[in-house]
Amino acid sequence: MSAHRLPGTLFGSAVAALGVAAVVASQQIKTGFTYDVVGPAMFSNLIGVGLVLSGIASVISARRASLEDLPDQPKLNLWPVGLISAALLLEAALISRLGWIPVVATVFVAGTYAFGDRRILSNALTGLVLATVILLVFTLGLGIDLPLGPLEPLFQSDQ
Amino acid sequence: METLTLLAQGFAVALTPGNLIWSIIGVTLGTAIGVLPGIGPATTVAILMPLTVGLPPVSAFIMFAGIYYGAQYGGSTTSILLNTPGEAGSMMTAVDGNAMARRGRGAQALATAAIGSFVAGTIGTIGLTFAAPLLVEIALKLTAPDYFALMVLSLATVTTMLSNPTGGGSIAFGIASLFFGLLLGTVGLDPQTGQARFAFGVPELLDGIDTVVVAVGLFAIGETLYMAATDGGKADSMHKLRGSFWMSREDWSRSWKPWLRGALIGFPIGAIPAGGSEIPTVLSYTLEKKLSKKPEEFGLGAIEGVAGPEAANNASAAGALSPLLALGLPTSSTAAVMLAAFQQYGLRPGPLLFESNSSLIWGLIASLYIGNVFLLVLNLPMVGVWVRLLSLPKPWLYGGILVLSSLGVYSLNGNAVDLVILWIIGMVGFIMRVIGVPIVPCVLGLILGPLIEQQLRRSLAISQGDWTVFVTHPVSAFFLLVALAFVATPIISSLRKPKPQSAVGMTR
Amino acid sequence: MTFTRRTALTALAAAFLLAVAPAQAQTIRSLDITVPGGPGSGLDQAARGIEEALRAEGINAVKVNNVPGGGGMIAISQFVTTKEGNRNAVVVQGAGTVFFPLTNKTPVTLADVRPLARLAGEYEVIAVRHDSDVKDFKDLMARFKANPGSVAWGGGSPGSTENIFFARLAKIAGMTPKQVNFIPHPNTGEVVVSALNGQATVVGGGLQDFKTQIEAKKLRLLAVASPERLPDVDAPTLRELGYDVVFANWRGVSVHKSLDDKSANALADLFAKLVKSAHWKKILNDRGWLDLYLPEQPYQAFIADETRQAREILTELGLATQ
């Protein structure tokens, strides 16, 4: 099998596997409601079957396709993807504890670094300013709270 | 004629200097929140409500209406420039709008969106003025089987988007993408029985996966990851601004029909309870693609693909106000908040309010016309400013997109689980891009799946299991026939003149 | 939460005022309201109503924090984790937040907060389309008994107030809750639509949801689930009709479980005063809510009773978790 056909084959297999998983997980759904003819599990089962079939079809079409029809695989550089992913997951894990400003500034720095900007310090500063401005606009202007993290107690005292 | 007299009186109310200022404040605020992804007009009006206690009701409502229209418009800006749709209604705009921006035609995309919004918003408001009671009367006749058929029709039109215009990918990939979206749509509490599906005990999943999270994840995050992986090292600015900012003669001639058609689709569907803005934008996009002489341009920056959906989106906003004003029925979350705002003043919208408080209602309707004009005046000159965003250095632009995406998703519900889902969906979007799987069918599956399922099961509960209801209701039967034609036409035409490629071959 | 010098001074001043002029005593200067629901939802409207009434009383620092999702349980769990020791924080709740943990496994329940006061609500009413051939409530129940499936009962989401309300009616009529063909809807607007276009034979909800259509002669009331007839409402109570069901969609407030009695009492006093204020009465009147005020003890007993009855019915419906 040519390397060009590999991604499509892998994708199709993953989709089919997801379909099987969906059908298996659907067995957990409680059914048997008097007037609900179709029931809560039927759609999820159908979708599971659809995933399996379209996954298989994807594999077949990837293997049958003539090579010149396949797009050129761009060279993938995976470290920026890893960096951005790490920053996003860090953000999700720490946003309640550290607050909006530091985690979002980190995401900004990671994003700029992933796109080749190595000025970490100045970008960190930009990120901090950006995050702070957004926080102020949301809190003061719209009354929507973004988490402050350790700064929280400073703003929580009585009137 | 009587309507015109009343409308004239309404203008007399809305054109007082004080109310004009409230209208300007409303549309400005609305545009601003529309540009920010995540928070929508419902939240903003709810926040402002207790603060407007001192205002006369008509001024408060003129401001609220401005916020509503402004937010509907503002969503297009981030969709076009940053590929970050802030709400489901502007998702279709992102497809060709962002492709135009990449080709240096961001200003034209923004302009056709702004003018189209104005045209469609005005047509929608005219509809609201003269046809609301009648239209709502008709809309109320539609029952669950008809809704089901309308959703099936929308799903059938998705077939036109199953292949990826930017090359690569087969129809099979498109169908897989659609089913993945449908799967995401089943996550959470089943609306018919309240049973949890695929929630795995995570309470944040019980309400389902928000469309905004999926749209932002697939479009913005997926795209950012893909760009970072393919040419992260080159730190240049991203889209060259080319030529004039103005729409060319060709742009105009390709835009005006989609504006009108978008308005004609958007307004009535917006007026049906639970019609929303997603379905009209999808229908408008596919209709434009079907009618276009250059369907191959769709997905690569066809101006019709921006003009139509954006018009449909704004007309649906006017449509959604119809059941509220004509009958006092809140059929969208914004309408529910507006209803609460009416109640704050001890008013109940509906036919009686037209009689008992006609200067308020007609002042509000008049202010919608005025707000639309303000929106155009405000936003057309802003086009030149907005497109300069694109001349930011690429690292800043994408760093900013990451920040905006986080903001939009986190401010939806204020929970970190949504950020994890955002990353997962973003990775899926990245992989789909690498392999050449189209992402639009996935988002459409997410939107349409739950609606189809709910209406199907509601129909069957009411009919006590009788499946014939779908063909015995004339409206339902009609929609289903059109849907069948939509799916069957390409199959029949491909059978007539067989192509050299295999049936599951490649499409470009 | 820091006990700042300013708080201390405020408290001191308040204590002084309390001694001098009890009527002007005011120890609570701000309120932080968590709402388990998005803007425009029933609970949100209750919170905004509280905010408005408190502003009228001169308490301007009121913050409403919407936390939608998870049947209201995300809000409760956020409240439990972040508001510990916050003496100005309350969370709003209603019938739905009591019922939801019964149908779904949730990490927190209402047992994790301390119910403080029931404030307002609406009794459930039953309506049909104005030209429906269902003559009255007796006729409705006769049809239901003859052919249960043919009566489509429209209401809110599964496990909602209406779902339980209809099930209780069925039980009293000698039928089983499972025989109710319940058609759920995501919002009250759609419930009304289903009644108007005849999809639902009969609908349930708050009087306010249907009032416009009743006045416009598009809907007709069959019965109300209040203990006595409602003022200006031409419909019999279920009790009169021989169905002993009183059912309200109510809203109340709770505080954090760890809060000391003194602080909790201060908040309780605030709400006891609030419900007597002229502005609150005006809000109730404007929005068609009834004053269902109950202080802490009876409110807690009321919730326990509601929970027990709901659990029984949800179990019969096959919706309850074990």
# chains A, B, ... in the order shown; residues from 1 in each chain; ligands from 1

call {"tool": "closest_atom_pairs", "arguments": {"of": "chain B", "to": "chain A", "cutoff": "8 Å", "atoms": "only C-alpha atoms", "output": "JSON lines"}}
result
{"residue": "B:Thr44", "atom": "CA", "partner": "A:Leu142", "partner_atom": "CA", "distance": 7.2}
{"residue": "B:Ile47", "atom": "CA", "partner": "A:Gly143", "partner_atom": "CA", "distance": 7.2}
{"residue": "B:Gly167", "atom": "CA", "partner": "A:Pro71", "partner_atom": "CA", "distance": 6.5}
{"residue": "B:Gly168", "atom": "CA", "partner": "A:Pro71", "partner_atom": "CA", "distance": 5.2}
{"residue": "B:Gly169", "atom": "CA", "partner": "A:Leu70", "partner_atom": "CA", "distance": 7.7}
{"residue": "B:Ser170", "atom": "CA", "partner": "A:Ser61", "partner_atom": "CA", "distance": 7.0}
{"residue": "B:Ala172", "atom": "CA", "partner": "A:Ser58", "partner_atom": "CA", "distance": 5.0}
{"residue": "B:Phe173", "atom": "CA", "partner": "A:Ser58", "partner_atom": "CA", "distance": 5.7}
{"residue": "B:Ile175", "atom": "CA", "partner": "A:Ser54", "partner_atom": "CA", "distance": 6.1}
{"residue": "B:Ala176", "atom": "CA", "partner": "A:Ser54", "partner_atom": "CA", "distance": 5.0}
{"residue": "B:Phe179", "atom": "CA", "partner": "A:Leu51", "partner_atom": "CA", "distance": 5.8}
{"residue": "B:Phe180", "atom": "CA", "partner": "A:Leu51", "partner_atom": "CA", "distance": 7.1}
{"residue": "B:Leu182", "atom": "CA", "partner": "A:Ile47", "partner_atom": "CA", "distance": 6.9}
{"residue": "B:Leu183", "atom": "CA", "partner": "A:Ile47", "partner_atom": "CA", "distance": 6.3}
{"residue": "B:Thr186", "atom": "CA", "partner": "A:Ser44", "partner_atom": "CA", "distance": 6.8}
{"residue": "B:Asp190", "atom": "CA", "partner": "A:Pro40", "partner_atom": "CA", "distance": 6.5}
{"residue": "B:Gln192", "atom": "CA", "partner": "A:Pro40", "partner_atom": "CA", "distance": 7.6}
{"residue": "B:Thr193", "atom": "CA", "partner": "A:Pro40", "partner_atom": "CA", "distance": 7.1}
{"residue": "B:Gln195", "atom": "CA", "partner": "A:Lys30", "partner_atom": "CA", "distance": 7.0}
{"residue": "B:Ala196", "atom": "CA", "partner": "A:Ile29", "partner_atom": "CA", "distance": 7.3}
{"residue": "B:Arg197", "atom": "CA", "partner": "A:Ile29", "partner_atom": "CA", "distance": 6.5}
{"residue": "B:Phe198", "atom": "CA", "partner": "A:Ala25", "partner_atom": "CA", "distance": 7.1}
{"residue": "B:Leu225", "atom": "CA", "partner": "A:Val81", "partner_atom": "CA", "distance": 5.5}
{"residue": "B:Tyr226", "atom": "CA", "partner": "A:Val81", "partner_atom": "CA", "distance": 7.8}
{"residue": "B:Ala228", "atom": "CA", "partner": "A:Pro80", "partner_atom": "CA", "distance": 5.7}
{"residue": "B:Ala229", "atom": "CA", "partner": "A:Asn77", "partner_atom": "CA", "distance": 4.5}
{"residue": "B:Thr230", "atom": "CA", "partner": "A:Leu76", "partner_atom": "CA", "distance": 5.4}
{"residue": "B:Asp231", "atom": "CA", "partner": "A:Phe115", "partner_atom": "CA", "distance": 7.7}
{"residue": "B:Gly232", "atom": "CA", "partner": "A:Phe115", "partner_atom": "CA", "distance": 4.2}
{"residue": "B:Gly233", "atom": "CA", "partner": "A:Gly116", "partner_atom": "CA", "distance": 4.7}
{"residue": "B:Lys234", "atom": "CA", "partner": "A:Gly116", "partner_atom": "CA", "distance": 6.5}
{"residue": "B:Ala235", "atom": "CA", "partner": "A:Gly116", "partner_atom": "CA", "distance": 5.8}
{"residue": "B:Lys394", "atom": "CA", "partner": "A:Phe115", "partner_atom": "CA", "distance": 7.1}
{"residue": "B:Pro395", "atom": "CA", "partner": "A:Thr112", "partner_atom": "CA", "distance": 4.3}
{"residue": "B:Trp396", "atom": "CA", "partner": "A:Thr112", "partner_atom": "CA", "distance": 5.9}
{"residue": "B:Tyr398", "atom": "CA", "partner": "A:Gly111", "partner_atom": "CA", "distance": 6.5}
{"residue": "B:Gly399", "atom": "CA", "partner": "A:Gly111", "partner_atom": "CA", "distance": 4.4}
{"residue": "B:Gly400", "atom": "CA", "partner": "A:Phe108", "partner_atom": "CA", "distance": 6.6}
{"residue": "B:Leu402", "atom": "CA", "partner": "A:Phe108", "partner_atom": "CA", "distance": 6.9}
{"residue": "B:Val403", "atom": "CA", "partner": "A:Val104", "partner_atom": "CA", "distance": 6.3}
{"residue": "B:Ser406", "atom": "CA", "partner": "A:Val104", "partner_atom": "CA", "distance": 7.9}
{"residue": "B:Ser411", "atom": "CA", "partner": "A:Leu146", "partner_atom": "CA", "distance": 7.5}
{"residue": "B:Gly414", "atom": "CA", "partner": "A:Leu146", "partner_atom": "CA", "distance": 7.6}
{"residue": "B:Ala416", "atom": "CA", "partner": "A:Ala92", "partner_atom": "CA", "distance": 5.0}
{"residue": "B:Val417", "atom": "CA", "partner": "A:Ala92", "partner_atom": "CA", "distance": 6.9}
{"residue": "B:Leu419", "atom": "CA", "partner": "A:Ala92", "partner_atom": "CA", "distance": 5.4}
{"residue": "B:Val420", "atom": "CA", "partner": "A:Ala92", "partner_atom": "CA", "distance": 6.0}
{"residue": "B:Trp423", "atom": "CA", "partner": "A:Leu88", "partner_atom": "CA", "distance": 6.6}
{"residue": "B:Val434", "atom": "CA", "partner": "A:Gln73", "partner_atom": "CA", "distance": 7.7}
{"residue": "B:Ile435", "atom": "CA", "partner": "A:Pro7", "partner_atom": "CA", "distance": 6.1}
{"residue": "B:Glu453", "atom": "CA", "partner": "A:Phe43", "partner_atom": "CA", "distance": 7.2}
{"residue": "B:Arg457", "atom": "CA", "partner": "A:Val38", "partner_atom": "CA", "distance": 6.4}
{"residue": "B:Leu460", "atom": "CA", "partner": "A:Val37", "partner_atom": "CA", "distance": 6.6}
{"residue": "B:Ala461", "atom": "CA", "partner": "A:Tyr35", "partner_atom": "CA", "distance": 5.4}
{"residue": "B:Gln464", "atom": "CA", "partner": "A:Tyr35", "partner_atom": "CA", "distance": 6.6}
{"residue": "B:Gly465", "atom": "CA", "partner": "A:Val37", "partner_atom": "CA", "distance": 5.9}
{"residue": "B:Val504", "atom": "CA", "partner": "A:Ser61", "partner_atom": "CA", "distance": 5.9}
{"residue": "B:Gly505", "atom": "CA", "partner": "A:Ala65", "partner_atom": "CA", "distance": 6.4}
{"residue": "B:Met506", "atom": "CA", "partner": "A:Asp69", "partner_atom": "CA", "distance": 6.6}

call {"tool": "write_last_selection", "arguments": {"atoms": "C-alpha atoms", "output": "compact mmCIF listing (two decimals), in the first residue's frame"}}
result
# COMPACT_ATOMS: atom_id res chain seq x y z
CA THR B 44 -26.74 40.79 26.87
CA ILE B 47 -27.85 41.52 31.82
CA GLY B 167 -9.22 18.96 -3.25
CA GLY B 168 -9.03 15.41 -2.12
CA GLY B 169 -11.50 13.38 -0.18
CA SER B 170 -14.28 11.19 -1.44
CA ALA B 172 -17.49 8.43 1.54
CA PHE B 173 -15.40 10.84 3.64
CA ILE B 175 -20.75 10.80 4.71
CA ALA B 176 -18.43 9.71 7.51
CA PHE B 179 -22.36 10.65 10.72
CA PHE B 180 -19.69 11.85 13.13
CA LEU B 182 -24.89 13.12 14.05
CA LEU B 183 -23.11 11.12 16.75
CA THR B 186 -26.88 12.52 20.36
CA ASP B 190 -32.56 12.61 25.15
CA GLN B 192 -38.05 12.79 24.60
CA THR B 193 -37.34 10.64 27.63
CA GLN B 195 -32.29 9.47 29.35
CA ALA B 196 -28.59 10.28 29.19
CA ARG B 197 -26.77 9.10 26.07
CA PHE B 198 -22.98 8.96 25.66
CA LEU B 225 -3.33 23.49 14.13
CA TYR B 226 -3.19 22.73 10.42
CA ALA B 228 0.96 25.53 12.44
CA ALA B 229 1.82 22.05 11.19
CA THR B 230 2.21 23.00 7.54
CA ASP B 231 4.04 26.32 7.58
CA GLY B 232 4.50 27.35 11.16
CA GLY B 233 8.06 28.41 10.52
CA LYS B 234 7.31 31.23 8.12
CA ALA B 235 6.51 34.32 10.12
CA LYS B 394 0.68 35.50 11.30
CA PRO B 395 1.84 34.41 14.79
CA TRP B 396 -0.18 37.20 16.40
CA TYR B 398 -3.27 32.82 15.15
CA GLY B 399 -2.32 33.45 18.79
CA GLY B 400 -5.25 35.86 18.87
CA LEU B 402 -6.64 30.82 20.03
CA VAL B 403 -7.42 33.44 22.68
CA SER B 406 -11.03 30.11 24.34
CA SER B 411 -17.93 32.29 28.27
CA GLY B 414 -18.15 29.13 32.26
CA ALA B 416 -13.47 24.15 31.74
CA VAL B 417 -14.87 20.88 30.38
CA LEU B 419 -12.31 23.76 26.74
CA VAL B 420 -11.29 20.09 26.77
CA TRP B 423 -9.36 20.74 22.02
CA VAL B 434 -4.89 16.66 6.78
CA ILE B 435 -6.79 13.78 5.16
CA GLU B 453 -34.89 12.75 15.89
CA ARG B 457 -40.37 10.72 17.76
CA LEU B 460 -44.94 9.05 16.28
CA ALA B 461 -45.97 9.62 19.91
CA GLN B 464 -49.48 6.51 18.48
CA GLY B 465 -47.02 4.78 16.22
CA VAL B 504 -17.07 6.10 -5.05
CA GLY B 505 -14.40 7.98 -6.94
CA MET B 506 -12.85 11.30 -6.27

call {"tool": "interface_residues", "arguments": {"of": "chain C", "to": "chain B", "cutoff": "7 Å", "atoms": "only C-alpha atoms", "output": "ChimeraX atom specification"}}
result
/C:39-40,48,52,67-70,74,106,149,152,157-159,183-184,189-190,193,197,199,212,286-287

call {"tool": "select_by_dssp", "arguments": {"residues": "stretch 184-294 of chain C", "states": "strand (DSSP E)", "output": "ChimeraX atom specification"}}
result
/C:184,202-206,219-224,248-256,290-294

call {"tool": "atom_distance", "arguments": {"atom1": "atom CA of A:Ala124", "atom2": "atom CA of B:Ser391"}}
result
20.7 Å

call {"tool": "residues_around", "arguments": {"residues": "B:Phe118", "least_positions_apart": "3", "cutoff": "7 Å", "atoms": "only C-alpha atoms", "output": "PDB file with C-alpha atoms, in the first residue's frame"}}
result
ATOM      1  CA  ALA B 114     -23.152  44.203   5.581  1.00  0.00           C
ATOM      2  CA  ILE B 115     -25.262  45.269   2.622  1.00  0.00           C
ATOM      3  CA  GLY B 121     -33.065  42.857   7.591  1.00  0.00           C
ATOM      4  CA  THR B 122     -35.230  45.506   5.954  1.00  0.00           C
ATOM      5  CA  ASN B 372     -30.912  48.566  10.204  1.00  0.00           C
ATOM      6  CA  LEU B 376     -25.154  49.787   7.625  1.00  0.00           C
TER       7      LEU B 376
END

call {"tool": "atom_distance", "arguments": {"atom1": "atom CA of C:Phe144", "atom2": "atom CA of C:Ala320"}}
result
24.4 Å

call {"tool": "select_by_dssp", "arguments": {"residues": "stretch 20-155 of chain A", "states": "helix (DSSP H, G or I)", "output": "PyMOL selection string"}}
result
chain A and resi 20-26+42-64+67-69+78-98+100-114+120-142+149-155

call {"tool": "residues_around", "arguments": {"residues": "stretch 219-223 of chain B", "least_positions_apart": "6", "cutoff": "9 Å", "atoms": "only C-alpha atoms", "output": "list in words"}}
result
Leu82, Asn83, Thr84, Pro85, Ala94, Val95, Ile401, Leu402, Ser405, Leu422, Trp423, Ile425, Gly426, Met427, Val428, Gly429, Phe430, Ile431, Met432, Arg433 and Ile439 of chain B

call {"tool": "write_last_selection", "arguments": {"atoms": "C-alpha atoms", "output": "mmCIF file, in the first residue's frame"}}
result
data_model
loop_
_atom_site.group_PDB
_atom_site.id
_atom_site.type_symbol
_atom_site.label_atom_id
_atom_site.label_comp_id
_atom_site.auth_asym_id
_atom_site.auth_seq_id
_atom_site.Cartn_x
_atom_site.Cartn_y
_atom_site.Cartn_z
ATOM 1 C CA LEU B 82 -10.832 34.648 11.377
ATOM 2 C CA ASN B 83 -12.850 31.584 10.342
ATOM 3 C CA THR B 84 -14.270 31.634 13.877
ATOM 4 C CA PRO B 85 -18.070 31.551 13.698
ATOM 5 C CA ALA B 94 -17.375 31.227 7.379
ATOM 6 C CA VAL B 95 -17.033 28.683 4.576
ATOM 7 C CA ILE B 401 -7.562 33.297 17.273
ATOM 8 C CA LEU B 402 -6.637 30.820 20.029
ATOM 9 C CA SER B 405 -11.747 30.774 20.663
ATOM 10 C CA LEU B 422 -12.842 22.236 22.190
ATOM 11 C CA TRP B 423 -9.364 20.736 22.022
ATOM 12 C CA ILE B 425 -12.884 18.636 18.376
ATOM 13 C CA GLY B 426 -9.990 20.822 17.242
ATOM 14 C CA MET B 427 -7.748 17.760 16.891
ATOM 15 C CA VAL B 428 -10.483 15.980 14.944
ATOM 16 C CA GLY B 429 -10.731 19.036 12.707
ATOM 17 C CA PHE B 430 -6.954 19.024 12.214
ATOM 18 C CA ILE B 431 -6.929 15.352 11.226
ATOM 19 C CA MET B 432 -9.902 15.869 8.901
ATOM 20 C CA ARG B 433 -8.053 18.714 7.198
ATOM 21 C CA ILE B 439 -15.984 19.582 7.935
#

call {"tool": "residues_around", "arguments": {"residues": "C:Asn65", "least_positions_apart": "2", "cutoff": "7 Å", "atoms": "only C-alpha atoms", "output": "PyMOL selection string"}}
result
chain C and resi 33-35+63+67

call {"tool": "write_last_selection", "arguments": {"atoms": "N, CA and C atoms", "output": "mmCIF file, in the first residue's frame"}}
result
data_model
loop_
_atom_site.group_PDB
_atom_site.id
_atom_site.type_symbol
_atom_site.label_atom_id
_atom_site.label_comp_id
_atom_site.auth_asym_id
_atom_site.auth_seq_id
_atom_site.Cartn_x
_atom_site.Cartn_y
_atom_site.Cartn_z
ATOM 1 N N ILE C 33 -25.986 36.104 43.418
ATOM 2 C CA ILE C 33 -27.006 35.090 43.128
ATOM 3 C C ILE C 33 -26.534 34.160 42.013
ATOM 4 N N THR C 34 -26.448 32.869 42.305
ATOM 5 C CA THR C 34 -26.130 31.884 41.271
ATOM 6 C C THR C 34 -27.435 31.337 40.706
ATOM 7 N N VAL C 35 -27.525 31.317 39.377
ATOM 8 C CA VAL C 35 -28.746 30.854 38.722
ATOM 9 C C VAL C 35 -28.473 29.576 37.941
ATOM 10 N N LYS C 63 -25.345 40.728 42.144
ATOM 11 C CA LYS C 63 -24.767 40.146 40.944
ATOM 12 C C LYS C 63 -25.451 38.833 40.634
ATOM 13 N N VAL C 67 -25.406 30.029 35.378
ATOM 14 C CA VAL C 67 -24.643 28.805 35.120
ATOM 15 C C VAL C 67 -25.602 27.756 34.568
#

call {"tool": "residues_around", "arguments": {"residues": "C:Ala170", "least_positions_apart": "6", "cutoff": "9 Å", "atoms": "only C-alpha atoms", "output": "ChimeraX atom specification"}}
result
/C:141,144,176-180

call {"tool": "write_last_selection", "arguments": {"atoms": "N, CA and C atoms", "output": "JSON list (two decimals), in the first residue's frame"}}
result
[["chain", "number", "residue", "atom", "x", "y", "z"],
["C", 141, "MET", "N", -60.86, 13.54, 31.38],
["C", 141, "MET", "CA", -60.48, 12.34, 32.11],
["C", 141, "MET", "C", -61.26, 11.12, 31.58],
["C", 144, "PHE", "N", -59.43, 10.04, 28.58],
["C", 144, "PHE", "CA", -58.15, 9.45, 28.98],
["C", 144, "PHE", "C", -58.37, 8.01, 29.45],
["C", 176, "THR", "N", -52.29, 4.39, 35.55],
["C", 176, "THR", "CA", -50.88, 4.41, 35.95],
["C", 176, "THR", "C", -50.16, 5.56, 35.23],
["C", 177, "PRO", "N", -49.10, 6.10, 35.86],
["C", 177, "PRO", "CA", -48.35, 7.20, 35.22],
["C", 177, "PRO", "C", -47.87, 6.83, 33.82],
["C", 178, "LYS", "N", -47.56, 5.57, 33.60],
["C", 178, "LYS", "CA", -47.04, 5.17, 32.30],
["C", 178, "LYS", "C", -48.06, 5.30, 31.18],
["C", 179, "GLN", "N", -49.34, 5.38, 31.56],
["C", 179, "GLN", "CA", -50.37, 5.48, 30.52],
["C", 179, "GLN", "C", -50.52, 6.90, 30.00],
["C", 180, "VAL", "N", -49.82, 7.87, 30.62],
["C", 180, "VAL", "CA", -49.91, 9.25, 30.15],
["C", 180, "VAL", "C", -49.01, 9.40, 28.92]]

call {"tool": "closest_residue", "arguments": {"among": "A:Val23, A:Gly32, A:Leu136, A:Ile120", "to": "chain C", "atoms": "only C-alpha atoms"}}
result
A:Gly32

call {"tool": "residues_around", "arguments": {"residues": "B:Gly86", "least_positions_apart": "6", "cutoff": "8 Å", "atoms": "only C-alpha atoms", "output": "ChimeraX atom specification"}}
result
/B:34-38,75,78-79,212,216,408

call {"tool": "write_last_selection", "arguments": {"atoms": "N, CA and C atoms", "output": "PDB file, in the first residue's frame"}}
result
ATOM      1  N   GLY B  34     -21.749  40.682  19.012  1.00  0.00           N
ATOM      2  CA  GLY B  34     -21.818  39.740  17.907  1.00  0.00           C
ATOM      3  C   GLY B  34     -20.432  39.366  17.426  1.00  0.00           C
ATOM      4  N   VAL B  35     -19.526  40.341  17.441  1.00  0.00           N
ATOM      5  CA  VAL B  35     -18.161  40.090  17.000  1.00  0.00           C
ATOM      6  C   VAL B  35     -17.466  39.138  17.971  1.00  0.00           C
ATOM      7  N   LEU B  36     -17.704  39.328  19.275  1.00  0.00           N
ATOM      8  CA  LEU B  36     -17.126  38.407  20.257  1.00  0.00           C
ATOM      9  C   LEU B  36     -17.859  37.074  20.164  1.00  0.00           C
ATOM     10  N   PRO B  37     -17.142  36.000  19.932  1.00  0.00           N
ATOM     11  CA  PRO B  37     -17.858  34.730  19.873  1.00  0.00           C
ATOM     12  C   PRO B  37     -18.337  34.319  21.264  1.00  0.00           C
ATOM     13  N   GLY B  38     -19.360  33.490  21.310  1.00  0.00           N
ATOM     14  CA  GLY B  38     -19.802  32.955  22.592  1.00  0.00           C
ATOM     15  C   GLY B  38     -21.014  33.655  23.142  1.00  0.00           C
ATOM     16  N   GLY B  75     -21.803  38.728  13.976  1.00  0.00           N
ATOM     17  CA  GLY B  75     -21.238  37.394  13.892  1.00  0.00           C
ATOM     18  C   GLY B  75     -20.496  37.132  12.595  1.00  0.00           C
ATOM     19  N   THR B  78     -16.179  37.928  12.466  1.00  0.00           N
ATOM     20  CA  THR B  78     -15.158  36.954  12.860  1.00  0.00           C
ATOM     21  C   THR B  78     -15.198  35.719  11.967  1.00  0.00           C
ATOM     22  N   SER B  79     -16.399  35.386  11.461  1.00  0.00           N
ATOM     23  CA  SER B  79     -16.489  34.232  10.562  1.00  0.00           C
ATOM     24  C   SER B  79     -15.643  34.472   9.318  1.00  0.00           C
ATOM     25  N   VAL B 212     -21.602  25.851  19.137  1.00  0.00           N
ATOM     26  CA  VAL B 212     -20.516  26.823  19.042  1.00  0.00           C
ATOM     27  C   VAL B 212     -19.175  26.146  19.328  1.00  0.00           C
ATOM     28  N   VAL B 216     -16.423  26.237  16.467  1.00  0.00           N
ATOM     29  CA  VAL B 216     -15.141  26.894  16.738  1.00  0.00           C
ATOM     30  C   VAL B 216     -14.003  25.875  16.708  1.00  0.00           C
ATOM     31  N   GLY B 408     -14.649  32.568  23.585  1.00  0.00           N
ATOM     32  CA  GLY B 408     -15.996  32.254  23.125  1.00  0.00           C
ATOM     33  C   GLY B 408     -16.539  31.001  23.778  1.00  0.00           C
TER      34      GLY B 408
END

call {"tool": "atom_distance", "arguments": {"atom1": "atom CA of B:Leu325", "atom2": "atom CA of B:Val475"}}
result
25.4 Å

call {"tool": "decode", "arguments": {"residues": "stretch 95-119 of chain A", "atoms": "C-alpha atoms", "output": "PDB file, in the first residue's frame"}}
result
ATOM      1  CA  ILE A  95      -8.253  28.177  34.349  1.00  0.00           C
ATOM      2  CA  SER A  96     -10.316  27.867  37.537  1.00  0.00           C
ATOM      3  CA  ARG A  97      -7.275  27.720  39.779  1.00  0.00           C
ATOM      4  CA  LEU A  98      -4.949  30.293  38.224  1.00  0.00           C
ATOM      5  CA  GLY A  99      -7.569  32.499  36.644  1.00  0.00           C
ATOM      6  CA  TRP A 100      -8.182  33.742  33.123  1.00  0.00           C
ATOM      7  CA  ILE A 101      -5.232  36.097  32.711  1.00  0.00           C
ATOM      8  CA  PRO A 102      -2.155  33.844  33.153  1.00  0.00           C
ATOM      9  CA  VAL A 103      -3.544  30.807  31.307  1.00  0.00           C
ATOM     10  CA  VAL A 104      -4.759  32.811  28.342  1.00  0.00           C
ATOM     11  CA  ALA A 105      -1.463  34.691  28.134  1.00  0.00           C
ATOM     12  CA  THR A 106       0.247  31.274  28.071  1.00  0.00           C
ATOM     13  CA  VAL A 107      -2.002  30.131  25.232  1.00  0.00           C
ATOM     14  CA  PHE A 108      -1.094  33.281  23.308  1.00  0.00           C
ATOM     15  CA  VAL A 109       2.637  32.744  23.816  1.00  0.00           C
ATOM     16  CA  ALA A 110       2.353  29.085  22.800  1.00  0.00           C
ATOM     17  CA  GLY A 111       0.398  30.075  19.704  1.00  0.00           C
ATOM     18  CA  THR A 112       2.884  32.692  18.589  1.00  0.00           C
ATOM     19  CA  TYR A 113       5.826  30.355  19.315  1.00  0.00           C
ATOM     20  CA  ALA A 114       4.205  27.594  17.280  1.00  0.00           C
ATOM     21  CA  PHE A 115       4.007  30.016  14.371  1.00  0.00           C
ATOM     22  CA  GLY A 116       7.669  30.795  14.585  1.00  0.00           C
ATOM     23  CA  ASP A 117       7.711  33.934  16.708  1.00  0.00           C
ATOM     24  CA  ARG A 118      10.490  33.463  19.234  1.00  0.00           C
ATOM     25  CA  ARG A 119      10.048  36.718  21.177  1.00  0.00           C
TER      26      ARG A 119
END
